[in-house]
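Only one structure is covered here, and it is reproduced in the block below.
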Amino acid sequence: MESSTSRTSLNCISLADPDIQRSVALLKQACLDSGFFYVIDHGISQEFMDEVFAQSKLFFELPNGEKMKLLRNEKNRGYTPMLDEILDPENQVNGDYKEGYYIGVEVPADDPQSNRPFYGPNQWPSEEVLPKWREVMEQYHREALRVAKSVARIIALALDLDTNFFDRPEMLGDPIATLRLLHYEGGQQTGQVSNPSKGVYGAGAHSDYGLITLLATDDVVGLQICKDKNAQPQVWEYVAPLKGGFIVNLGDMLERWSNCIFRSTLHRVVLDGRERYSIAYFVEPSHDCVVECLPTCKSETNPPKFPPITCSAYLSQRYKDTHADLSSYSNGEA
């Protein structure tokens, strides 16, 4: 059961604001309320953001055969076809009506680090097909990580930690950071308009796995959040796109770290039949980082709610739970 949707309002945090305490207060309120907020004045130009979206569109407009040459591999790098992902199996009849492209931290194949999950060389379209594509995406990956680290410093202060808590080598000094281009085809191509009552979604209800997510979108409304997942009926609210800004949300890892003081909120994509593009940047700490209750988030009356777990083990299981088995493509099933 769910109720009809309205639009929600989110706090807006400027990374150029010299009053850091004001930013901390806005972020803390947002994290306690919904786990979502806007970030503006982040230093990435609108001109460059427009270029990233343009290059993303060029890729998704390629023939399906070209895109399937870059099908995601066991490192979760590359193309994810329509219906590849099913984020809410209890309520979805097929899968997500979206296609995507994963780009992670670039690690050469001959580097010992490339043997670790989520590390390794990326898959890239050929220069002949998309000449500027790799250059643009690698630059965006670097820029988005810089923004994420700035946001993480404000989060640290909001949790009464040292400003540089998340900058340490085992945290975001050596992160698992993944850029994901997303394309939701319009109803003209798929014949599908989102219909929650029939289990049809652009993206099913889910919470993100990691620390934080930075989301840039075009101007087509589609993202919905549910502030209280246990409410009956669930109340879903649209989040308005913000040109030039990021929609930022907290992930499950930060909820674990903060002992549920900060919230990782259910969200989904429900579309009206219009085509939509978005770019998500998922930020997680290093492989060996142990995610356990922060000292500022536990007490005798509020003991840790989750056992410690390494970042790598946690992420590997979450990806396995939500993506199609790669063998289904070679068997012709998917």
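Naming works like this for the structure tokens: A, B, ... for the chains as they're shown, residue 1 at the start of each chain, ligands 1 onward in shown order.
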
Fewer than 2 positions away in the same chain doesn't count, so skip those; otherwise give me all residues within 12 Å of Val220 in chain A, counting only C-alpha atoms, as a count of residues only. 25

Counting only C-alpha atoms, what is within 8 Å of Asn122 in chain A, bar same-chain residues fewer than 6 positions away, as an MDAnalysis selection string? chainID A and resid 77:78 103:107

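CA of Phe262 in chain A is found 14.8 Å from CA of Cys226 in chain A.
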
Mind the document's chain letters and residue numbers, and return as an NGL selection string the residues of range 57-182 of chain A that DSSP labels strand (DSSP E). :A and (78-80 or 99-103 or 176-182)

Could the residues in this selection be saved with N, CA and C atoms as a compact mmCIF listing (two decimals), in the first residue's frame?
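Output contents, as saved in out.txt:
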# COMPACT_ATOMS: atom_id res chain seq x y z
N GLY A 78 31.16 -1.45 -17.08
CA GLY A 78 30.59 -1.53 -18.42
C GLY A 78 29.08 -1.39 -18.44
N TYR A 79 28.48 -1.89 -19.50
CA TYR A 79 27.09 -1.64 -19.83
C TYR A 79 26.13 -2.57 -19.09
N THR A 80 25.06 -2.02 -18.56
CA THR A 80 23.98 -2.82 -17.97
C THR A 80 22.72 -2.61 -18.79
N GLU A 99 18.78 1.54 -18.60
CA GLU A 99 20.08 0.97 -18.96
C GLU A 99 21.14 1.86 -18.33
N GLY A 100 22.32 1.30 -18.10
CA GLY A 100 23.34 2.06 -17.41
C GLY A 100 24.74 1.71 -17.87
N TYR A 101 25.71 2.42 -17.30
CA TYR A 101 27.11 2.16 -17.61
C TYR A 101 27.95 2.45 -16.37
N TYR A 102 28.69 1.44 -15.89
CA TYR A 102 29.53 1.57 -14.70
C TYR A 102 30.97 1.94 -15.08
N ILE A 103 31.51 2.95 -14.39
CA ILE A 103 32.91 3.33 -14.54
C ILE A 103 33.50 3.47 -13.13
N ILE A 176 36.51 3.10 -3.10
CA ILE A 176 35.80 2.42 -4.18
C ILE A 176 34.74 3.42 -4.65
N ALA A 177 35.04 4.14 -5.70
CA ALA A 177 34.13 5.19 -6.17
C ALA A 177 33.66 4.82 -7.58
N THR A 178 32.36 4.78 -7.76
CA THR A 178 31.80 4.29 -9.02
C THR A 178 30.85 5.30 -9.64
N LEU A 179 31.16 5.66 -10.87
CA LEU A 179 30.30 6.53 -11.66
C LEU A 179 29.34 5.65 -12.45
N ARG A 180 28.06 6.02 -12.45
CA ARG A 180 27.10 5.24 -13.23
C ARG A 180 26.21 6.16 -14.05
N LEU A 181 26.34 6.04 -15.36
CA LEU A 181 25.47 6.75 -16.28
C LEU A 181 24.16 5.99 -16.39
N LEU A 182 23.04 6.72 -16.40
CA LEU A 182 21.74 6.05 -16.44
C LEU A 182 20.84 6.67 -17.50

Using only C-alpha atoms, the shortest atom-to-atom distance to Ser316 in chain A among A:Lys229, A:Arg268, A:Lys98, A:Arg116 belongs to A:Arg116

What lies within 7 Å of range 50-67 of chain A using only C-alpha atoms, ignoring chain neighbours under 4 positions off, as a list in words? Gln46, Leu71, Tyr79, Trp133, Val136, Met137 and Leu181 of chain A

Grab the residues selected above and save them as a short mmCIF file (atom, residue, chain, number, x, y, z; two decimals), in the first residue's frame with N, CA and C atoms.
data_model
loop_
_atom_site.label_atom_id
_atom_site.label_comp_id
_atom_site.auth_asym_id
_atom_site.auth_seq_id
_atom_site.Cartn_x
_atom_site.Cartn_y
_atom_site.Cartn_z
N GLN A 46 28.80 24.36 -15.18
CA GLN A 46 27.61 23.90 -15.89
C GLN A 46 27.98 23.43 -17.30
N LEU A 71 29.28 -5.17 -22.36
CA LEU A 71 28.46 -5.69 -21.27
C LEU A 71 29.28 -5.76 -19.99
N TYR A 79 28.48 -1.89 -19.50
CA TYR A 79 27.09 -1.64 -19.83
C TYR A 79 26.13 -2.57 -19.09
N TRP A 133 35.01 10.38 -25.27
CA TRP A 133 34.21 9.81 -24.19
C TRP A 133 35.02 9.49 -22.93
N VAL A 136 36.36 12.63 -21.01
CA VAL A 136 35.31 13.36 -20.28
C VAL A 136 34.91 12.60 -19.02
N MET A 137 34.71 11.29 -19.14
CA MET A 137 34.25 10.50 -17.99
C MET A 137 35.32 10.40 -16.90
N LEU A 181 26.34 6.04 -15.36
CA LEU A 181 25.47 6.75 -16.28
C LEU A 181 24.16 5.99 -16.39
#

Taken to one decimal, the CA of Gly244 in chain A-CA of Gln224 in chain A distance is 19.5 Å

Go through range 22-100 of chain A and flag each residue having an atom no more than 9 Å from range 138-144 of chain A; for those, report the closest pair of atoms plus their distance in Å to one decimal, using only C-alpha atoms, ordered by chain and rising number, as CSV.
residue,atom,partner,partner_atom,distance
A:Gly43,CA,A:Glu143,CA,8.4
A:Ile44,CA,A:Glu143,CA,7.0
A:Phe48,CA,A:Tyr140,CA,8.4
A:Met49,CA,A:Tyr140,CA,8.3
A:Val52,CA,A:Tyr140,CA,7.4

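For the atom pair formed by CA of Gln29 in chain A and CA of Glu284 in chain A, the distance is 22.5 Å, given to one decimal.
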
Selection: 8 Å around Ile154 in chain A, only C-alpha atoms, excl. self and same-chain fewer than 2 positions, as an NGL selection string: :A and (20 or 23-24 or 27 or 150-152 or 156-158 or 163)

Generate the output file for the selected residues, N, CA, C and O atoms, as a compact mmCIF listing (two decimals), in the first residue's frame.
# COMPACT_ATOMS: atom_id res chain seq x y z
N ILE A 20 30.79 27.32 8.12
CA ILE A 20 30.75 25.86 8.10
C ILE A 20 29.71 25.33 9.08
O ILE A 20 29.07 24.30 8.85
N SER A 23 26.40 25.06 7.47
CA SER A 23 26.33 23.87 6.61
C SER A 23 26.15 22.61 7.43
O SER A 23 25.37 21.72 7.06
N VAL A 24 26.86 22.52 8.55
CA VAL A 24 26.74 21.34 9.42
C VAL A 24 25.32 21.22 9.95
O VAL A 24 24.73 20.12 9.96
N LEU A 27 22.97 20.11 7.16
CA LEU A 27 23.19 18.71 6.81
C LEU A 27 22.66 17.79 7.91
O LEU A 27 22.01 16.78 7.63
N SER A 150 34.46 16.74 0.02
CA SER A 150 34.03 17.98 0.69
C SER A 150 32.76 17.74 1.50
O SER A 150 32.62 18.22 2.63
N VAL A 151 31.82 16.99 0.91
CA VAL A 151 30.58 16.67 1.62
C VAL A 151 30.87 15.79 2.83
O VAL A 151 30.31 15.98 3.92
N ALA A 152 31.80 14.83 2.67
CA ALA A 152 32.13 13.91 3.76
C ALA A 152 32.73 14.65 4.96
O ALA A 152 32.53 14.25 6.11
N ALA A 156 31.30 14.45 8.71
CA ALA A 156 32.13 14.12 9.88
C ALA A 156 31.86 15.10 11.02
O ALA A 156 31.67 14.67 12.17
N LEU A 157 31.80 16.38 10.72
CA LEU A 157 31.53 17.37 11.75
C LEU A 157 30.12 17.19 12.33
O LEU A 157 29.90 17.35 13.53
N ALA A 158 29.17 16.83 11.48
CA ALA A 158 27.79 16.62 11.95
C ALA A 158 27.70 15.41 12.88
O ALA A 158 26.77 15.32 13.69
N THR A 163 37.21 16.70 11.39
CA THR A 163 36.86 17.08 10.01
C THR A 163 37.40 16.09 8.99
O THR A 163 36.73 15.77 8.00

Nearest to Pro175 in chain A, restricted to only C-alpha atoms and choosing among A:Arg22, A:Leu250, A:Lys149, A:Tyr314, comes out as A:Lys149

Residue contacts of Leu172 in chain A (12 Å, only C-alpha atoms) excluding same-chain residues fewer than 3 positions away, as a ChimeraX atom specification: /A:145-153,164-169,175-177,210-212,282-289,311

Once DSSP has gone over the backbone, tell me which residues of range 4-150 of chain A are in alpha helix (DSSP H), as a PyMOL selection string. chain A and resi 20-33+46-60+64-68+133-150
